[in-house]
4 protein chains.
Amino acid sequence: MTFQVGIVGASGYGGAELLRLLAGHPQMDPAVVAAHSQAGTPIASLLPHLPGERTFDAVDPAQLAELDLVFLATPHGPALELGATLADVGVRTVDLSAAFRLDAEGFKTWYGEDHPRPDLIPAVYGLPEYARAQVAEATLVANPGCYVVTTLLALLPLTPLVAPGSVVVDGKSGTTGAGRAMKETLHASHVGSSFTAYGAPAHRHTGEIERYLAVHGRDVGAISFTPHLLPIPRGLLITAYAQLQDEVTSEDVQTALRDAYADEPYVEVLPSGTFPVTKAVVGSNACHVSAVVDPRTRRVVVTSVTDNLGKGAASGALQNANLMLGLPETLGVPVVGMYP
Amino acid sequence: MTFQVGIVGASGYGGAELLRLLAGHPQMDPAVVAAHSQAGTPIASLLPHLPGERTFDAVDPAQLAELDLVFLATPHGPALELGATLADVGVRTVDLSAAFRLDAEGFKTWYGEDHPRPDLIPAVYGLPEYARAQVAEATLVANPGCYVVTTLLALLPLTPLVAPGSVVVDGKSGTTGAGRAMKETLHASHVGSSFTAYGAPAHRHTGEIERYLAVHGRDVGAISFTPHLLPIPRGLLITAYAQLQDEVTSEDVQTALRDAYADEPYVEVLPSGTFPVTKAVVGSNACHVSAVVDPRTRRVVVTSVTDNLGKGAASGALQNANLMLGLPETLGVPVVGMYP
Amino acid sequence: MTFQVGIVGASGYGGAELLRLLAGHPQMDPAVVAAHSQAGTPIASLLPHLPGERTFDAVDPAQLAELDLVFLATPHGPALELGATLADVGVRTVDLSAAFRLDAEGFKTWYGEDHPRPDLIPAVYGLPEYARAQVAEATLVANPGCYVVTTLLALLPLTPLVAPGSVVVDGKSGTTGAGRAMKETLHASHVGSSFTAYGAPAHRHTGEIERYLAVHGRDVGAISFTPHLLPIPRGLLITAYAQLQDEVTSEDVQTALRDAYADEPYVEVLPSGTFPVTKAVVGSNACHVSAVVDPRTRRVVVTSVTDNLGKGAASGALQNANLMLGLPETLGVPVVGMYP
Amino acid sequence: MTFQVGIVGASGYGGAELLRLLAGHPQMDPAVVAAHSQAGTPIASLLPHLPGERTFDAVDPAQLAELDLVFLATPHGPALELGATLADVGVRTVDLSAAFRLDAEGFKTWYGEDHPRPDLIPAVYGLPEYARAQVAEATLVANPGCYVVTTLLALLPLTPLVAPGSVVVDGKSGTTGAGRAMKETLHASHVGSSFTAYGAPAHRHTGEIERYLAVHGRDVGAISFTPHLLPIPRGLLITAYAQLQDEVTSEDVQTALRDAYADEPYVEVLPSGTFPVTKAVVGSNACHVSAVVDPRTRRVVVTSVTDNLGKGAASGALQNANLMLGLPETLGVPVVGMYP
């Protein structure tokens with residue numbers, strides 16, 4: 001059978017990637033392709049990989065309520081409203097924004113506003129590797145942020161092994177992570193052949209990382225997180241540093257990682273000393289992780305990569321949607337990146 | 001049913017892309033993944049998008065002869081030999097190299113050597129848009145070159161409309177088109193943030209373009225072809241110029257293109273004035289074409305784009321293989337590129 | 001002695017590059033650094049290569065009238081007005097825009113408006129290689145466009161050798177050529193790893209190329225010109241094709257180019273078969289040119305490169321300013337590009 | 001007066017950049033341009049920004065001994081030998097390699113070999129901001145490594161303020177930092193649009209950072225250092241994390257940085273919250289530094305940028321050479337980067 005699904009915010013990059021993936025998905029049909037400010041505009045005029053005559057739909061909650069599942073790929077503002085509306089009528093929803101990821105206190109702290117629907121948060125967090133059953137049962141799934149999922153998959157198996165307060169995460173993302181809105185800092189002439197940090201020391205993903213390290217692993221305290229902008233469209237790499245607890249060996253680290261992901265279709269633990277490459281996962285839902293231990297400092301250094309529009313957005317959302325609809329988890333969700 | 005296929009030259013970029021595509025193909029299994037000089041090497045050590053323990057196989061013609069179909073993704077030297085061997089035993093083969101594309105005279109002219117098996121050339125030329133039935137019946141298919149297929153799809157419908165001797169083709173390709181072998185000119189420090197022409201005025205693809213314009217369209221005489229190296233891994237764009245014959249209008253041009261490809265799954269004719277974008281087709285088998293007519297010079301200017309590893313190599317080969325095996329032509333061959 | 005100069009439009013890329021070059025010029029001092037819409041803004045906030053406290057000045061014609069020379073680096077609209085004002089009071093001015101390059105008829109044709117001051121046009125065209133004496137005497141110099149100067153230096157020596165009506169120019173430019181204004185097509189996520197044509201068949205530089213081929217060489221009729229956008233910030237390459245007249249040999253072509261530029265400090269003719277590389281001239285005022293002749297088609301193929309912010313904008317303007325102020329032409333105008 | 005200088009290893013990137021800078025230096029003449037394996041080869045064939053007929057010289061110690069100063073831009077192996085030879089005859093030498101930076105024990109630890117001339121090490125370390133007088137008097141100067149100088153300038157003023165054992169340095173460099181030698185990992189098709197870490201946890205620059213933090217600041221113990229490869233030719237950014245000591249405030253951090261560099265021509269401290277951009281310093285000798293303090297973790301996060309061929313190689317070496325020859329320190333050493 002084919003499920004009728006909708007995408008709201010389809011003109012953004014997360015939405016665009018969902019459309020690409022759905023074109024190859026045998027059992028989901030993008031019945032609604034909505035973009036609030038672009039309703040009526042030909043899709044091809046904004047998304048040249050999707051030529052043809054179809055236009056963006058308007059956002060019509062009544063129409064969305066008829067669907068089997070809705071992907072919200074808007075900023076968190078519109079998602080707060082639509083997510084609540086759809087939850088109230090019981091429509092399965094995967095929200096790619098930060099609207100429903102934190103609890104009320106965390107949302108207030110990191111987003112500076114009171115959450116309008118504290119009864120809905122935290123929604124089920126869409127990290128199947130750690131919450132597969134809950135996702136399968138959920139009506140509303142909060143899809144993780146791109147930096148967050150890449151960090152969590154790298155660090156969650158290691159939280160019992162590291163010293164609280166010692167975690168530093170240095171993140172680097174392609175430009176699509178910053179969205180489609182035009183900003184001086186995203187002009188090709190400025191980004192091209194350049195590199196810079198931004199948003200430190202209080203990027204909003206920090207709180208989400210801390211929360212879900214604690215929820216699915218162990219509380220390791222406040223972390224330092226610094227994002228950087230890579231001069232490439234897609235691909236995200238984090239380098240995480242943490243002090244190992246006494247007695248923990250390099251073998252313990254490798255074993256913890258390998259054991260955690262031995263049966264996971266999308267998380268690959270590379271041999272220590274082989275460093276993950278962003279381009280190996282671009283276009284896919286894969287996450288590659290690798291760790292080295294520095295005997296001089298007793299720190300573990302973990303690097304992990306995802307496509308910021310993949311595991312950290314569209315393909316991760318599709319993996320969750322498969323689970324929610326009772327489909328095979330990997331159906332139409334690519335595991336092999338587009339290299340080179 | 002699942003067909004057992006082999007790839008020879010799997011460590012190169014065409015082979016690597018075939019492996020990626022086969023991972024998503026429901027009815028072909030890469031039973032043999034051979035790379036002559038890398039036999040025994042872990043695939044993941046050269047192709048990080050394919051992690052795991054599998055190693056490259058040795059090239060064993062007897063083993064290949066047992067398969068349903070073989071992709072040759074080697075340089076034309078080894079392909080000449082293996083292609084002949086496989087043809088002699090009747091194994092379906094798609095050769096991505098130039099070994100079997102030209103006739104004996106053309107091969108001698110452009111490759112500077114006598115063809116060892118003139119009885120096999122020209123093989124069926126793997127351009128389904130113009131030779132679908134022949135491909136479906138063929139044992140040996142010569143897959144077109146990347147510049148060539150992009151030019152042919154742009155110009156073939158227009159050959160009756162343009163003046164012989166007037167065609168200029170200005171090509172631009174990503175670096176993967178130049179192959180995996182290390183050369184000074186492919187060092188990242190030289191290619192990065194730079195752009196240059198190369199190989200003019202006698203690039204080997206020139207003869208192939210001229211030949212197949214004549215075979216499937218009309219002989220338009222000698223063309224000028226200048227390739228350039230883009231500082232990106234994948235994506236190819238050609239800009240073709242030709243003098244229109246008297247009386248030919250801009251409408252004639254648009255009609256010719258639209259009529260030629262109305263039913264083609266992979267060739268999209270964009271409205272005049274909308275210029276194809278390489279990234280819209282990267283990772284896919286699509287070719288986007290668009291033409292404008294300049295009333296001041298009476299020239300038509302056609303631009304077209306492909307992924308040089310896609311329609312011009314791996315996915316084009318897979319489209320041909322589907323036809324040869326009696327499978328739906330589009331099975332596992334993506335039409336939507338990875339944008340942005 | 002040190003000359004007091006001003007830059008209007010200093011927040012744009014041409015202005016920014018002038019500021020960089022003036023920082024290394026021993027005899028010009030940027031007394032006025034004006035940017036209409038950014039007056040009062042710290043320069044460093046827009047141009048991070050120029051840290052410090054200085055702010056952009058307002059555009060004050062009375063203040064500009066006190067200077068030894070003014071660079072206009074604005075769009076052609078403001079330049080029309082300011083250029084006329086400064087010309088009326090006799091202040092030496094180099095205008096980087098298209099405001100004063102064409103004659104009244106040409107301006108109307110290509111810019112769609114009547115020129116407000118036909119008495120001032122065409123101003124002296126700032127191509128010292130062909131008009132050194134006139135530039136030295138001029139009050140108002142119209143600096144050539146970036147595509148134009150790169151094409152003229154490649155083709156001017158060859159106009160007597162080629163067939164009228166046969167010239168095709170395929171241009172490729174880095175993104176800074178499109179200016180600082182934000183546009184969807186200049187978003188880093190769209191430009192990155194991509195390539196496309198634009199603006200054909202009627203880009204405004206076409207008329208300027210045709211005019212100055214005729215003025216400084218020989219009228220070769222209407223040309224076809226197609227610009228393309230490279231995914232790099234700086235660097236421009238044109239590939240020009242033209243039919244050789246009967247009897248003209250490859251040696252004639254090489255001799256014509258070498259003789260034209262034997263004594264020129266900034267134009268380098270590379271051996272036939274060595275193709276110019278954009279990165280070899282980025283950051284400099286150099287133009288590298290090279291030609292091959294295709295015996296099959298009797299076409300000459302010329303490629304030439306400049307930095308689109310260099311010879312085609314800021315450093316070319318500085319070369320002109322040196323001449324106008326009686327300074328050594330090469331003072332503070334770099335000849336060596338930043339490679340790799 | 002004009003000094004006669006030589007470059008050994010001129011075909012590499014450090015040498016190439018020295019040649020570019022010397023072309024604009026009014027008082028140094030590159031009398032010898034030597035490249036061992038390329039002697040006799042036209043310079044232009046390897047370095048297209050330097051067209052012309054000149055060929056690389058052979059490496060002739062007797063000839064070098066006649067010069068006023070020699071730049072060694074070779075790997076550390078040849079530099080060990082040539083540096084000693086030149087030191088023995090008293091020729092001023094700036095060595096860009098690691099041959100003379102560490103003491104005997106450090107060299108053995110990080111380079112795995114006994115130093116052949118322990119009497120010469122450590123040579124005067126070429127960091128004028130902390131050793132101006134010593135450089136001016138030196139015969140042999142060891143120019144700092146690119147990651148090292150960028151880290152030292154960021155952290156040296158802060159060593160009294162941070163907790164020993166808490167320093168993490170996450171480095172990112174353009175590809176030219178890896179040198180000209182061809183390696184699979186530097187192929188444009190692999191590097192393009194990609195990003196990866198390498199060399200952790202024991203990159204050789206680690207020991208050099210630790211040593212000179214202690215020599216010119218305070219010993220902060222073992223650091224964690226992870227280098228990464230940016231898909232751009234030039235530009236280097238380090239992100240350093242360190243735990244602040246009790247009582248240290250954000251103001252203390254800013255004051256320490258500003259005071260350290262108030263009079264330095266090449267080190268610019270940006271306001272907290274403004275993040276340095278690599279492209280702002282490319283082509284120059286500048287280093288931009290900026291720090292933020294995270295009140296949640298009590299860590300300072302410092303980012304700093306250089307051109308890896310600039311302050312960390314060629315222009316830094318030229319700054320040292322100016323001092324050694326009694327010339328103004330900034331003569332011919334650019335402070336403004338090539339942006340955008």
# chains A, B, ... in the order shown; residues from 1 in each chain; ligands from 1
>>> interface_residues(of="chain D", to="chain C", cutoff="7 Å", atoms="only C-alpha atoms", output="list of chain:residue names")
D:Arg20, D:Pro48, D:His49, D:Leu50, D:Ser193, D:Pro233, D:Ala280, D:Val281, D:Gly283, D:Val336, D:Gly337, D:Met338, D:Tyr339, D:Pro340
>>> write_last_selection(atoms="N, CA and C atoms", output="mmCIF file, in the first residue's frame")
data_model
loop_
_atom_site.group_PDB
_atom_site.id
_atom_site.type_symbol
_atom_site.label_atom_id
_atom_site.label_comp_id
_atom_site.auth_asym_id
_atom_site.auth_seq_id
_atom_site.Cartn_x
_atom_site.Cartn_y
_atom_site.Cartn_z
ATOM 1 N N ARG D 20 56.367 35.082 -4.987
ATOM 2 C CA ARG D 20 55.339 36.105 -5.207
ATOM 3 C C ARG D 20 55.608 37.343 -4.356
ATOM 4 N N PRO D 48 52.369 28.623 -12.381
ATOM 5 C CA PRO D 48 51.857 29.424 -13.495
ATOM 6 C C PRO D 48 51.671 30.904 -13.175
ATOM 7 N N HIS D 49 51.754 31.277 -11.905
ATOM 8 C CA HIS D 49 51.682 32.711 -11.613
ATOM 9 C C HIS D 49 52.993 33.419 -11.909
ATOM 10 N N LEU D 50 54.013 32.658 -12.303
ATOM 11 C CA LEU D 50 55.328 33.236 -12.581
ATOM 12 C C LEU D 50 55.747 32.897 -13.997
ATOM 13 N N SER D 193 34.522 19.511 -1.925
ATOM 14 C CA SER D 193 33.230 19.389 -1.245
ATOM 15 C C SER D 193 33.257 18.398 -0.093
ATOM 16 N N PRO D 233 42.281 25.934 -0.879
ATOM 17 C CA PRO D 233 43.743 25.870 -0.989
ATOM 18 C C PRO D 233 44.468 26.524 0.188
ATOM 19 N N ALA D 280 39.875 36.660 5.153
ATOM 20 C CA ALA D 280 40.294 38.032 5.443
ATOM 21 C C ALA D 280 41.807 38.174 5.537
ATOM 22 N N VAL D 281 42.520 37.064 5.720
ATOM 23 C CA VAL D 281 43.974 37.148 5.885
ATOM 24 C C VAL D 281 44.744 36.424 4.787
ATOM 25 N N GLY D 283 46.769 35.577 1.699
ATOM 26 C CA GLY D 283 47.673 36.403 0.905
ATOM 27 C C GLY D 283 48.451 37.403 1.728
ATOM 28 N N VAL D 336 47.086 43.296 4.562
ATOM 29 C CA VAL D 336 45.677 43.206 4.170
ATOM 30 C C VAL D 336 45.465 41.960 3.315
ATOM 31 N N GLY D 337 44.568 41.102 3.736
ATOM 32 C CA GLY D 337 44.296 39.881 2.995
ATOM 33 C C GLY D 337 43.456 40.119 1.755
ATOM 34 N N MET D 338 43.348 39.078 0.946
ATOM 35 C CA MET D 338 42.621 39.181 -0.314
ATOM 36 C C MET D 338 41.178 38.721 -0.136
ATOM 37 N N TYR D 339 40.325 39.676 0.199
ATOM 38 C CA TYR D 339 38.925 39.371 0.444
ATOM 39 C C TYR D 339 38.084 40.171 -0.516
ATOM 40 N N PRO D 340 37.006 39.649 -1.084
ATOM 41 C CA PRO D 340 36.533 38.273 -0.886
ATOM 42 C C PRO D 340 37.165 37.335 -1.936
#
>>> select_by_dssp(residues="segment 56-287 of chain A", states="alpha helix (DSSP H)", output="PyMOL selection string")
chain A and resi 61-64+76-88+104-111+128-137+146-155+188-191+205-216+250-261
>>> residues_around(residues="Glu251 of chain A", least_positions_apart="4", cutoff="10 Å", atoms="only C-alpha atoms", output="PyMOL selection string")
chain A and resi 255-257+272+292-293
>>> select_by_dssp(residues="segment 37-209 of chain B", states="strand (DSSP E)", output="list in words")
Leu69, Val70, Phe71, Leu72, Arg92, Thr93, Val94, Asp95, Val124, Tyr125, Leu140, Val141, Ala142, Val168, Val169, Asp170, Gly171, Lys172, Ser173, Thr196 and Ala197 of chain B
>>> residues_around(residues="segment 194-205 of chain B", least_positions_apart="4", cutoff="9 Å", atoms="only C-alpha atoms", output="number ranges by chain")
B: 110-111, 145-148, 172, 190, 209-210, 224-231; C: 172, 230, 232, 234-237, 239, 273-280, 292-296, 301, 303, 305, 340
>>> write_last_selection(atoms="C-alpha atoms", output="tab-separated table (two decimals), in the first residue's frame")
chain	number	residue	atom	x	y	z
B	110	TRP	CA	41.46	9.38	-32.29
B	111	TYR	CA	43.25	6.75	-30.23
B	145	GLY	CA	31.48	9.36	-22.99
B	146	CYS	CA	30.35	12.01	-20.53
B	147	TYR	CA	30.95	15.07	-22.69
B	148	VAL	CA	29.52	13.18	-25.63
B	172	LYS	CA	33.09	22.05	-18.56
B	190	HIS	CA	45.95	23.45	-7.89
B	209	ILE	CA	30.45	13.57	-30.90
B	210	GLU	CA	30.79	14.06	-34.65
B	224	SER	CA	35.22	22.63	-32.34
B	225	PHE	CA	35.28	21.17	-28.85
B	226	THR	CA	37.13	22.65	-25.88
B	227	PRO	CA	36.94	20.95	-22.48
B	228	HIS	CA	37.51	22.81	-19.20
B	229	LEU	CA	38.09	21.61	-15.65
B	230	LEU	CA	35.62	22.83	-13.01
B	231	PRO	CA	36.78	23.00	-9.38
C	172	LYS	CA	33.13	32.04	-17.04
C	230	LEU	CA	31.95	29.58	-11.52
C	232	ILE	CA	34.71	30.37	-6.89
C	234	ARG	CA	37.41	35.36	-8.05
C	235	GLY	CA	38.83	34.57	-11.44
C	236	LEU	CA	37.51	34.88	-14.97
C	237	LEU	CA	38.26	32.91	-18.11
C	239	THR	CA	37.21	30.92	-24.42
C	273	GLY	CA	49.06	24.33	-25.81
C	274	THR	CA	49.68	25.77	-22.35
C	275	PHE	CA	46.29	26.82	-21.05
C	276	PRO	CA	45.91	29.84	-18.76
C	277	VAL	CA	44.78	29.14	-15.21
C	278	THR	CA	42.57	31.65	-13.40
C	279	LYS	CA	44.32	31.20	-10.06
C	280	ALA	CA	47.63	32.25	-11.58
C	292	VAL	CA	45.56	27.08	-30.41
C	293	VAL	CA	44.53	26.57	-34.00
C	294	ASP	CA	42.40	23.60	-34.95
C	295	PRO	CA	43.38	22.47	-38.43
C	296	ARG	CA	40.20	20.41	-38.79
C	301	VAL	CA	40.58	28.99	-29.96
C	303	THR	CA	41.61	31.36	-23.80
C	305	VAL	CA	42.25	34.79	-17.80
C	340	PRO	CA	48.06	28.25	-5.40
>>> residues_around(residues="Glu264 of chain C", least_positions_apart="2", cutoff="12 Å", atoms="only C-alpha atoms", output="PyMOL selection string")
chain C and resi 127-130+132+153+257-262+266-269+285-288+329-330+335
>>> residues_around(residues="Asp246 of chain D", least_positions_apart="6", cutoff="12 Å", atoms="only C-alpha atoms", output="list in words")
Pro160, Leu161, Val162, Ala163, Asp252, Pro295, Thr297, Arg298 and Arg299 of chain D
>>> write_last_selection(atoms="C-alpha atoms", output="PDB file, in the first residue's frame")
ATOM      1  CA  PRO D 160      48.596  32.809  32.903  1.00  0.00           C
ATOM      2  CA  LEU D 161      44.806  32.765  32.983  1.00  0.00           C
ATOM      3  CA  VAL D 162      44.032  29.144  32.157  1.00  0.00           C
ATOM      4  CA  ALA D 163      44.229  25.847  33.971  1.00  0.00           C
ATOM      5  CA  ASP D 252      40.630  39.839  31.883  1.00  0.00           C
ATOM      6  CA  PRO D 295      29.960  31.392  31.618  1.00  0.00           C
ATOM      7  CA  THR D 297      31.529  26.015  31.429  1.00  0.00           C
ATOM      8  CA  ARG D 298      34.041  28.702  32.470  1.00  0.00           C
ATOM      9  CA  ARG D 299      35.968  27.956  29.318  1.00  0.00           C
TER      10      ARG D 299
END
